[in-house]
$ cat target16.pdb   # PDB, N, CA and C atoms
ATOM      1  N   MET K   1       6.230 -12.463 -19.467
ATOM      2  CA  MET K   1       5.176 -11.462 -19.500
ATOM      3  C   MET K   1       5.094 -10.885 -20.902
ATOM      4  N   LYS K   2       3.907 -10.863 -21.420
ATOM      5  CA  LYS K   2       3.683 -10.337 -22.762
ATOM      6  C   LYS K   2       3.659  -8.813 -22.742
ATOM      7  N   ILE K   3       3.948  -8.239 -23.894
ATOM      8  CA  ILE K   3       3.923  -6.777 -24.031
ATOM      9  C   ILE K   3       2.531  -6.228 -23.736
ATOM     10  N   GLN K   4       1.490  -6.988 -24.108
ATOM     11  CA  GLN K   4       0.124  -6.530 -23.840
ATOM     12  C   GLN K   4      -0.150  -6.482 -22.333
ATOM     13  N   ASP K   5       0.445  -7.398 -21.586
ATOM     14  CA  ASP K   5       0.279  -7.389 -20.137
ATOM     15  C   ASP K   5       0.923  -6.138 -19.534
ATOM     16  N   ILE K   6       2.078  -5.796 -20.062
ATOM     17  CA  ILE K   6       2.773  -4.591 -19.585
ATOM     18  C   ILE K   6       1.953  -3.347 -19.907
ATOM     19  N   ILE K   7       1.450  -3.275 -21.117
ATOM     20  CA  ILE K   7       0.630  -2.123 -21.529
ATOM     21  C   ILE K   7      -0.623  -2.040 -20.667
ATOM     22  N   GLN K   8      -1.285  -3.176 -20.452
ATOM     23  CA  GLN K   8      -2.489  -3.193 -19.617
ATOM     24  C   GLN K   8      -2.163  -2.756 -18.193
ATOM     25  N   GLY K   9      -1.034  -3.220 -17.664
ATOM     26  CA  GLY K   9      -0.618  -2.826 -16.323
ATOM     27  C   GLY K   9      -0.394  -1.325 -16.215
ATOM     28  N   LYS K  10       0.219  -0.753 -17.245
ATOM     29  CA  LYS K  10       0.442   0.698 -17.254
ATOM     30  C   LYS K  10      -0.878   1.460 -17.307
ATOM     31  N   LYS K  11      -1.820   0.957 -18.100
ATOM     32  CA  LYS K  11      -3.133   1.608 -18.186
ATOM     33  C   LYS K  11      -3.839   1.562 -16.833
ATOM     34  N   GLU K  12      -3.770   0.409 -16.184
ATOM     35  CA  GLU K  12      -4.398   0.277 -14.869
ATOM     36  C   GLU K  12      -3.745   1.205 -13.856
ATOM     37  N   TRP K  13      -2.408   1.297 -13.891
ATOM     38  CA  TRP K  13      -1.700   2.176 -12.958
ATOM     39  C   TRP K  13      -2.071   3.640 -13.199
ATOM     40  N   ARG K  14      -2.147   4.048 -14.469
ATOM     41  CA  ARG K  14      -2.524   5.434 -14.785
ATOM     42  C   ARG K  14      -3.940   5.742 -14.304
ATOM     43  N   ALA K  15      -4.852   4.792 -14.486
ATOM     44  CA  ALA K  15      -6.228   4.982 -14.016
ATOM     45  C   ALA K  15      -6.250   5.074 -12.492
ATOM     46  N   HIS K  16      -5.436   4.268 -11.852
ATOM     47  CA  HIS K  16      -5.342   4.289 -10.389
ATOM     48  C   HIS K  16      -4.838   5.654  -9.907
ATOM     49  N   ILE K  17      -3.782   6.145 -10.527
ATOM     50  CA  ILE K  17      -3.209   7.448 -10.153
ATOM     51  C   ILE K  17      -4.218   8.562 -10.412
ATOM     52  N   ALA K  18      -4.990   8.469 -11.477
ATOM     53  CA  ALA K  18      -6.022   9.480 -11.757
ATOM     54  C   ALA K  18      -7.064   9.497 -10.633
ATOM     55  N   ARG K  19      -7.407   8.329 -10.101
ATOM     56  CA  ARG K  19      -8.348   8.257  -8.970
ATOM     57  C   ARG K  19      -7.742   8.924  -7.739
ATOM     58  N   VAL K  20      -6.456   8.699  -7.517
ATOM     59  CA  VAL K  20      -5.787   9.315  -6.367
ATOM     60  C   VAL K  20      -5.790  10.833  -6.521
ATOM     61  N   LYS K  21      -5.486  11.326  -7.712
ATOM     62  CA  LYS K  21      -5.434  12.769  -7.955
ATOM     63  C   LYS K  21      -6.798  13.429  -7.839
ATOM     64  N   ALA K  22      -7.863  12.650  -7.972
ATOM     65  CA  ALA K  22      -9.222  13.184  -7.834
ATOM     66  C   ALA K  22      -9.642  13.311  -6.365
ATOM     67  N   LEU K  23      -8.873  12.721  -5.463
ATOM     68  CA  LEU K  23      -9.180  12.811  -4.032
ATOM     69  C   LEU K  23      -8.853  14.205  -3.507
ATOM     70  N   PRO K  24      -9.474  14.611  -2.379
ATOM     71  CA  PRO K  24      -9.078  15.871  -1.742
ATOM     72  C   PRO K  24      -7.583  15.832  -1.385
ATOM     73  N   LYS K  25      -6.982  16.994  -1.287
ATOM     74  CA  LYS K  25      -5.530  17.112  -1.093
ATOM     75  C   LYS K  25      -5.043  16.353   0.143
ATOM     76  N   ASP K  26      -5.766  16.439   1.266
ATOM     77  CA  ASP K  26      -5.297  15.752   2.475
ATOM     78  C   ASP K  26      -5.282  14.232   2.274
ATOM     79  N   TYR K  27      -6.249  13.726   1.532
ATOM     80  CA  TYR K  27      -6.274  12.295   1.221
ATOM     81  C   TYR K  27      -5.103  11.920   0.317
ATOM     82  N   GLN K  28      -4.792  12.775  -0.643
ATOM     83  CA  GLN K  28      -3.671  12.503  -1.548
ATOM     84  C   GLN K  28      -2.355  12.414  -0.782
ATOM     85  N   ILE K  29      -2.168  13.340   0.144
ATOM     86  CA  ILE K  29      -0.929  13.357   0.922
ATOM     87  C   ILE K  29      -0.796  12.079   1.739
ATOM     88  N   VAL K  30      -1.856  11.692   2.426
ATOM     89  CA  VAL K  30      -1.813  10.483   3.252
ATOM     90  C   VAL K  30      -1.660   9.246   2.372
ATOM     91  N   TYR K  31      -2.347   9.205   1.229
ATOM     92  CA  TYR K  31      -2.203   8.070   0.320
ATOM     93  C   TYR K  31      -0.750   7.906  -0.111
ATOM     94  N   LYS K  32      -0.101   8.998  -0.488
ATOM     95  CA  LYS K  32       1.294   8.922  -0.949
ATOM     96  C   LYS K  32       2.212   8.424   0.163
ATOM     97  N   GLU K  33       1.953   8.829   1.396
ATOM     98  CA  GLU K  33       2.752   8.340   2.520
ATOM     99  C   GLU K  33       2.505   6.851   2.762
ATOM    100  N   ILE K  34       1.262   6.428   2.636
ATOM    101  CA  ILE K  34       0.933   5.001   2.777
ATOM    102  C   ILE K  34       1.628   4.208   1.676
ATOM    103  N   GLN K  35       1.575   4.712   0.468
ATOM    104  CA  GLN K  35       2.209   4.035  -0.661
ATOM    105  C   GLN K  35       3.707   3.897  -0.417
ATOM    106  N   LYS K  36       4.366   4.965   0.020
ATOM    107  CA  LYS K  36       5.802   4.909   0.323
ATOM    108  C   LYS K  36       6.087   3.873   1.403
ATOM    109  N   TYR K  37       5.242   3.871   2.436
ATOM    110  CA  TYR K  37       5.407   2.925   3.538
ATOM    111  C   TYR K  37       5.313   1.486   3.030
ATOM    112  N   PHE K  38       4.292   1.210   2.209
ATOM    113  CA  PHE K  38       4.125  -0.145   1.700
ATOM    114  C   PHE K  38       5.257  -0.540   0.765
ATOM    115  N   PHE K  39       5.756   0.381  -0.043
ATOM    116  CA  PHE K  39       6.860   0.048  -0.929
ATOM    117  C   PHE K  39       8.143  -0.177  -0.136
ATOM    118  N   LYS K  40       8.255   0.465   1.018
ATOM    119  CA  LYS K  40       9.438   0.297   1.863
ATOM    120  C   LYS K  40       9.331  -0.980   2.697
ATOM    121  N   VAL K  41       8.229  -1.146   3.415
ATOM    122  CA  VAL K  41       8.035  -2.301   4.288
ATOM    123  C   VAL K  41       7.742  -3.529   3.443
ATOM    124  N   GLY K  42       6.944  -3.325   2.423
ATOM    125  CA  GLY K  42       6.738  -4.308   1.404
ATOM    126  C   GLY K  42       5.907  -5.526   1.712
ATOM    127  N   PRO K  43       4.585  -5.361   1.794
ATOM    128  CA  PRO K  43       3.805  -6.596   1.783
ATOM    129  C   PRO K  43       4.061  -7.287   0.449
ATOM    130  N   VAL K  44       4.428  -8.550   0.493
ATOM    131  CA  VAL K  44       4.833  -9.271  -0.706
ATOM    132  C   VAL K  44       3.740  -9.254  -1.766
ATOM    133  N   GLU K  45       2.480  -9.335  -1.358
ATOM    134  CA  GLU K  45       1.385  -9.356  -2.326
ATOM    135  C   GLU K  45       1.286  -8.067  -3.133
ATOM    136  N   LEU K  46       1.854  -7.000  -2.661
ATOM    137  CA  LEU K  46       1.758  -5.716  -3.350
ATOM    138  C   LEU K  46       2.359  -5.783  -4.748
ATOM    139  N   THR K  47       3.371  -6.626  -4.923
ATOM    140  CA  THR K  47       3.991  -6.731  -6.238
ATOM    141  C   THR K  47       3.140  -7.536  -7.199
ATOM    142  N   ASP K  48       2.188  -8.315  -6.676
ATOM    143  CA  ASP K  48       1.349  -9.159  -7.525
ATOM    144  C   ASP K  48       0.134  -8.424  -8.077
ATOM    145  N   GLY K  49      -0.153  -7.274  -7.577
ATOM    146  CA  GLY K  49      -1.325  -6.548  -8.048
ATOM    147  C   GLY K  49      -1.535  -5.308  -7.216
ATOM    148  N   MET K  50      -2.566  -4.602  -7.571
ATOM    149  CA  MET K  50      -2.826  -3.353  -6.872
ATOM    150  C   MET K  50      -4.031  -3.465  -5.956
ATOM    151  N   ASP K  51      -4.425  -4.669  -5.590
ATOM    152  CA  ASP K  51      -5.632  -4.839  -4.786
ATOM    153  C   ASP K  51      -5.593  -4.009  -3.506
ATOM    154  N   LEU K  52      -4.488  -4.055  -2.793
ATOM    155  CA  LEU K  52      -4.379  -3.324  -1.530
ATOM    156  C   LEU K  52      -4.482  -1.823  -1.761
ATOM    157  N   LEU K  53      -3.718  -1.316  -2.716
ATOM    158  CA  LEU K  53      -3.736   0.126  -2.987
ATOM    159  C   LEU K  53      -5.086   0.573  -3.531
ATOM    160  N   SER K  54      -5.679  -0.230  -4.392
ATOM    161  CA  SER K  54      -7.000   0.111  -4.926
ATOM    162  C   SER K  54      -8.049   0.104  -3.826
ATOM    163  N   GLY K  55      -7.913  -0.839  -2.902
ATOM    164  CA  GLY K  55      -8.837  -0.896  -1.775
ATOM    165  C   GLY K  55      -8.736   0.347  -0.904
ATOM    166  N   ILE K  56      -7.518   0.846  -0.732
ATOM    167  CA  ILE K  56      -7.329   2.075   0.044
ATOM    168  C   ILE K  56      -7.984   3.248  -0.668
ATOM    169  N   VAL K  57      -7.815   3.326  -1.989
ATOM    170  CA  VAL K  57      -8.444   4.417  -2.750
ATOM    171  C   VAL K  57      -9.963   4.311  -2.641
ATOM    172  N   ASP K  58     -10.507   3.098  -2.740
ATOM    173  CA  ASP K  58     -11.959   2.913  -2.570
ATOM    174  C   ASP K  58     -12.403   3.457  -1.213
ATOM    175  N   PHE K  59     -11.665   3.064  -0.176
ATOM    176  CA  PHE K  59     -11.958   3.473   1.197
ATOM    177  C   PHE K  59     -11.881   4.989   1.342
ATOM    178  N   PHE K  60     -10.852   5.589   0.735
ATOM    179  CA  PHE K  60     -10.681   7.038   0.788
ATOM    180  C   PHE K  60     -11.784   7.754   0.012
ATOM    181  N   GLU K  61     -12.171   7.212  -1.130
ATOM    182  CA  GLU K  61     -13.252   7.829  -1.910
ATOM    183  C   GLU K  61     -14.553   7.841  -1.108
ATOM    184  N   GLU K  62     -14.817   6.746  -0.401
ATOM    185  CA  GLU K  62     -16.024   6.686   0.434
ATOM    186  C   GLU K  62     -15.970   7.729   1.550
ATOM    187  N   GLY K  63     -14.819   7.827   2.210
ATOM    188  CA  GLY K  63     -14.667   8.809   3.283
ATOM    189  C   GLY K  63     -14.818  10.232   2.782
ATOM    190  N   ALA K  64     -14.214  10.521   1.642
ATOM    191  CA  ALA K  64     -14.308  11.858   1.063
ATOM    192  C   ALA K  64     -15.751  12.171   0.664
ATOM    193  N   ALA K  65     -16.447  11.175   0.113
ATOM    194  CA  ALA K  65     -17.848  11.377  -0.292
ATOM    195  C   ALA K  65     -18.738  11.684   0.911
ATOM    196  N   LEU K  66     -18.362  11.163   2.075
ATOM    197  CA  LEU K  66     -19.120  11.428   3.300
ATOM    198  C   LEU K  66     -18.687  12.736   3.977
ATOM    199  N   GLY K  67     -17.709  13.415   3.369
ATOM    200  CA  GLY K  67     -17.242  14.690   3.915
ATOM    201  C   GLY K  67     -16.309  14.552   5.092
ATOM    202  N   LYS K  68     -15.735  13.384   5.280
ATOM    203  CA  LYS K  68     -14.821  13.158   6.406
ATOM    204  C   LYS K  68     -13.406  13.570   6.017
ATOM    205  N   GLY K  69     -12.651  14.033   6.998
ATOM    206  CA  GLY K  69     -11.233  14.278   6.798
ATOM    207  C   GLY K  69     -10.507  12.954   6.775
ATOM    208  N   VAL K  70      -9.342  12.934   6.172
ATOM    209  CA  VAL K  70      -8.616  11.678   6.013
ATOM    210  C   VAL K  70      -8.276  11.027   7.352
ATOM    211  N   LEU K  71      -7.946  11.824   8.368
ATOM    212  CA  LEU K  71      -7.601  11.242   9.665
ATOM    213  C   LEU K  71      -8.825  10.714  10.405
ATOM    214  N   GLU K  72     -10.003  11.164  10.019
ATOM    215  CA  GLU K  72     -11.224  10.553  10.554
ATOM    216  C   GLU K  72     -11.395   9.145   9.993
ATOM    217  N   VAL K  73     -10.865   8.916   8.812
ATOM    218  CA  VAL K  73     -10.981   7.623   8.142
ATOM    219  C   VAL K  73      -9.886   6.662   8.615
ATOM    220  N   THR K  74      -8.653   7.161   8.678
ATOM    221  CA  THR K  74      -7.520   6.299   9.023
ATOM    222  C   THR K  74      -7.249   6.247  10.520
ATOM    223  N   GLY K  75      -7.678   7.268  11.234
ATOM    224  CA  GLY K  75      -7.258   7.438  12.618
ATOM    225  C   GLY K  75      -6.020   8.308  12.626
ATOM    226  N   ASN K  76      -5.647   8.808  13.786
ATOM    227  CA  ASN K  76      -4.508   9.723  13.879
ATOM    228  C   ASN K  76      -3.167   9.042  13.625
ATOM    229  N   ASP K  77      -3.081   7.751  13.889
ATOM    230  CA  ASP K  77      -1.828   7.015  13.693
ATOM    231  C   ASP K  77      -1.894   6.267  12.364
ATOM    232  N   VAL K  78      -1.415   6.919  11.314
ATOM    233  CA  VAL K  78      -1.511   6.348   9.971
ATOM    234  C   VAL K  78      -0.626   5.108   9.850
ATOM    235  N   ALA K  79       0.517   5.096  10.529
ATOM    236  CA  ALA K  79       1.384   3.913  10.491
ATOM    237  C   ALA K  79       0.673   2.709  11.099
ATOM    238  N   ALA K  80      -0.051   2.915  12.188
ATOM    239  CA  ALA K  80      -0.813   1.822  12.797
ATOM    240  C   ALA K  80      -1.916   1.351  11.846
ATOM    241  N   PHE K  81      -2.531   2.272  11.128
ATOM    242  CA  PHE K  81      -3.534   1.930  10.122
ATOM    243  C   PHE K  81      -2.909   1.022   9.062
ATOM    244  N   CYS K  82      -1.721   1.396   8.582
ATOM    245  CA  CYS K  82      -1.014   0.596   7.580
ATOM    246  C   CYS K  82      -0.659  -0.781   8.124
ATOM    247  N   ASP K  83      -0.098  -0.792   9.323
ATOM    248  CA  ASP K  83       0.294  -2.064   9.928
ATOM    249  C   ASP K  83      -0.901  -2.988  10.086
ATOM    250  N   ASP K  84      -2.046  -2.428  10.436
ATOM    251  CA  ASP K  84      -3.245  -3.240  10.605
ATOM    252  C   ASP K  84      -3.689  -3.842   9.263
ATOM    253  N   LEU K  85      -3.512  -3.097   8.188
ATOM    254  CA  LEU K  85      -3.903  -3.595   6.863
ATOM    255  C   LEU K  85      -3.057  -4.784   6.417
ATOM    256  N   ILE K  86      -1.800  -4.819   6.851
ATOM    257  CA  ILE K  86      -0.902  -5.880   6.387
ATOM    258  C   ILE K  86      -0.516  -6.855   7.502
ATOM    259  N   LYS K  87      -1.241  -6.820   8.605
ATOM    260  CA  LYS K  87      -0.851  -7.629   9.760
ATOM    261  C   LYS K  87      -0.783  -9.125   9.459
ATOM    262  N   ASP K  88      -1.583  -9.611   8.529
ATOM    263  CA  ASP K  88      -1.586 -11.034   8.197
ATOM    264  C   ASP K  88      -0.788 -11.341   6.931
ATOM    265  N   SER K  89      -0.058 -10.354   6.439
ATOM    266  CA  SER K  89       0.715 -10.523   5.206
ATOM    267  C   SER K  89       2.185 -10.733   5.520
ATOM    268  N   ILE K  90       2.830 -11.477   4.666
ATOM    269  CA  ILE K  90       4.281 -11.603   4.760
ATOM    270  C   ILE K  90       4.872 -10.367   4.094
ATOM    271  N   THR K  91       5.807  -9.733   4.777
ATOM    272  CA  THR K  91       6.438  -8.532   4.233
ATOM    273  C   THR K  91       7.885  -8.832   3.870
ATOM    274  N   TYR K  92       8.463  -7.960   3.061
ATOM    275  CA  TYR K  92       9.878  -8.099   2.743
ATOM    276  C   TYR K  92      10.720  -7.938   4.008
ATOM    277  N   ALA K  93      10.240  -7.141   4.945
ATOM    278  CA  ALA K  93      10.941  -6.999   6.219
ATOM    279  C   ALA K  93      10.967  -8.338   6.964
ATOM    280  N   ASP K  94       9.860  -9.087   6.929
ATOM    281  CA  ASP K  94       9.812 -10.417   7.548
ATOM    282  C   ASP K  94      10.818 -11.357   6.882
ATOM    283  N   ILE K  95      10.837 -11.347   5.557
ATOM    284  CA  ILE K  95      11.753 -12.214   4.816
ATOM    285  C   ILE K  95      13.197 -11.859   5.142
ATOM    286  N   TYR K  96      13.496 -10.585   5.203
ATOM    287  CA  TYR K  96      14.843 -10.143   5.539
ATOM    288  C   TYR K  96      15.212 -10.604   6.947
ATOM    289  N   GLN K  97      14.295 -10.417   7.895
ATOM    290  CA  GLN K  97      14.566 -10.826   9.276
ATOM    291  C   GLN K  97      14.812 -12.331   9.362
ATOM    292  N   GLN K  98      14.050 -13.111   8.621
ATOM    293  CA  GLN K  98      14.247 -14.559   8.605
ATOM    294  C   GLN K  98      15.628 -14.915   8.064
ATOM    295  N   SER K  99      16.064 -14.223   7.014
ATOM    296  CA  SER K  99      17.386 -14.513   6.448
ATOM    297  C   SER K  99      18.495 -14.134   7.422
ATOM    298  N   VAL K 100      18.308 -13.035   8.143
ATOM    299  CA  VAL K 100      19.301 -12.625   9.143
ATOM    300  C   VAL K 100      19.342 -13.653  10.279
ATOM    301  N   ASP K 101      18.171 -14.097  10.714
ATOM    302  CA  ASP K 101      18.107 -15.098  11.777
ATOM    303  C   ASP K 101      18.780 -16.396  11.344
ATOM    304  N   GLN K 102      18.517 -16.829  10.115
ATOM    305  CA  GLN K 102      19.121 -18.063   9.610
ATOM    306  C   GLN K 102      20.623 -17.923   9.496
ATOM    307  N   GLU K 103      21.076 -16.769   9.038
ATOM    308  CA  GLU K 103      22.509 -16.531   8.904
ATOM    309  C   GLU K 103      23.183 -16.546  10.263
ATOM    310  N   GLY K 104      22.530 -15.926  11.240
ATOM    311  CA  GLY K 104      23.066 -15.916  12.605
ATOM    312  C   GLY K 104      23.140 -17.304  13.200
ATOM    313  N   ASN K 105      22.135 -18.134  12.922
ATOM    314  CA  ASN K 105      22.116 -19.499  13.437
ATOM    315  C   ASN K 105      23.168 -20.367  12.765
ATOM    316  N   SER K 106      23.467 -20.117  11.491
ATOM    317  CA  SER K 106      24.445 -20.947  10.789
ATOM    318  C   SER K 106      25.869 -20.588  11.201
ATOM    319  N   GLN K 107      26.084 -19.437  11.794
ATOM    320  CA  GLN K 107      27.417 -19.030  12.219
ATOM    321  C   GLN K 107      27.755 -19.533  13.618
ATOM    322  N   ARG K 108      26.787 -20.112  14.285
ATOM    323  CA  ARG K 108      27.036 -20.606  15.648
ATOM    324  C   ARG K 108      27.666 -21.961  15.644
TER     325      ARG K 108
END

$ encode --input "target16.pdb" --output "structure tokens"
Amino acid sequence: MKIQDIIQGKKEWRAHIARVKALPKDYQIVYKEIQKYFFKVGPVELTDGMDLLSGIVDFFEEGAALGKGVLEVTGNDVAAFCDDLIKDSITYADIYQQSVDQEGNSQR
């Protein structure tokens, strides 16, 4: 990875965070919880780019522009909203479970 790629990535991340900070407070709180959830559960594609997170900010900006509360946009179960977004993605949790399953099978 070139230094320019790193610098560009930092610029994109700062611009992304500025968009999040421009959201209403309730949206910011839910976004941060979603971000923590994704970094913990880890859809593998998340490390390759910010498409998923940027898409959420786009979605939140639209909801805020329409005057909706964040839970009107995500639904009351934010974890279910997150799970639905990554339902077709391989997660780090999936990879971990596969390694545990393989390890268990090799010990038999």

$ atom_distance --input "target16.pdb" --atom1 "atom CA of K:Asn105" --atom2 "atom CA of K:Asp88"
25.7 Å

$ closest_residue --input "target16.pdb" --among "K:Gly69, K:Arg19, K:Met1, K:Ser89" --to "K:Val57" --atoms "all atoms listed in the file"
K:Arg19

$ closest_residue --input "target16.pdb" --among "K:Gly42, K:Gly67, K:Glu72, K:Val78" --to "K:Thr91" --atoms "all atoms listed in the file"
K:Gly42

$ closest_residue --input "target16.pdb" --among "K:Lys10, K:Phe60, K:Gln102, K:Leu71" --to "K:Ala22" --atoms "only C-alpha atoms"
K:Phe60

$ axis_aligned_box --input "target16.pdb" --around "stretch 87-97 of chain K" --padding-each-side "6 Å" --output "JSON"
{"center_x": 6.8, "center_y": -9.6, "center_z": 6.3, "size_x": 28.8, "size_y": 17.5, "size_z": 19.0}

$ resolve_selection --input "target16.pdb" --expression "the PyMOL selection byres (((chain K and resi 25-34 and name CA) around 9) and name CA)" --output "PyMOL selection string"
chain K and resi 20-24+35-39+53+56-57+60-61+64+69-71+78-79+82

$ select_by_dssp --input "target16.pdb" --residues "stretch 3-105 of chain K" --states "helix (DSSP H, G or I)" --output "ChimeraX atom specification"
/K:3-21,25-41,44-48,51-65,70-74,78-85,92-105

$ atom_distance --input "target16.pdb" --atom1 "atom C of K:Leu85" --atom2 "atom CA of K:Leu52"
8.2 Å

$ decode --input "target16.pdb" --residues "stretch 50-70 of chain K" --atoms "C-alpha atoms" --output "PDB file, in the first residue's frame"
ATOM      1  CA  MET K  50     -16.523   1.820   3.596  1.00  0.00           C
ATOM      2  CA  ASP K  51     -19.359   0.975   1.213  1.00  0.00           C
ATOM      3  CA  LEU K  52     -21.557  -0.523   3.931  1.00  0.00           C
ATOM      4  CA  LEU K  53     -20.974   2.284   6.425  1.00  0.00           C
ATOM      5  CA  SER K  54     -21.349   4.965   3.764  1.00  0.00           C
ATOM      6  CA  GLY K  55     -24.577   3.351   2.630  1.00  0.00           C
ATOM      7  CA  ILE K  56     -25.903   3.523   6.182  1.00  0.00           C
ATOM      8  CA  VAL K  57     -25.004   7.223   6.393  1.00  0.00           C
ATOM      9  CA  ASP K  58     -26.768   7.813   3.048  1.00  0.00           C
ATOM     10  CA  PHE K  59     -29.830   5.991   4.391  1.00  0.00           C
ATOM     11  CA  PHE K  60     -29.722   7.960   7.650  1.00  0.00           C
ATOM     12  CA  GLU K  61     -29.325  11.280   5.826  1.00  0.00           C
ATOM     13  CA  GLU K  62     -32.432  10.494   3.772  1.00  0.00           C
ATOM     14  CA  GLY K  63     -34.416   9.582   6.885  1.00  0.00           C
ATOM     15  CA  ALA K  64     -33.300  12.706   8.717  1.00  0.00           C
ATOM     16  CA  ALA K  65     -34.162  14.874   5.691  1.00  0.00           C
ATOM     17  CA  LEU K  66     -37.687  13.428   5.787  1.00  0.00           C
ATOM     18  CA  GLY K  67     -37.945  14.315   9.488  1.00  0.00           C
ATOM     19  CA  LYS K  68     -38.073  10.699  10.638  1.00  0.00           C
ATOM     20  CA  GLY K  69     -36.607   9.487  13.904  1.00  0.00           C
ATOM     21  CA  VAL K  70     -33.805   6.981  13.606  1.00  0.00           C
TER      22      VAL K  70
END
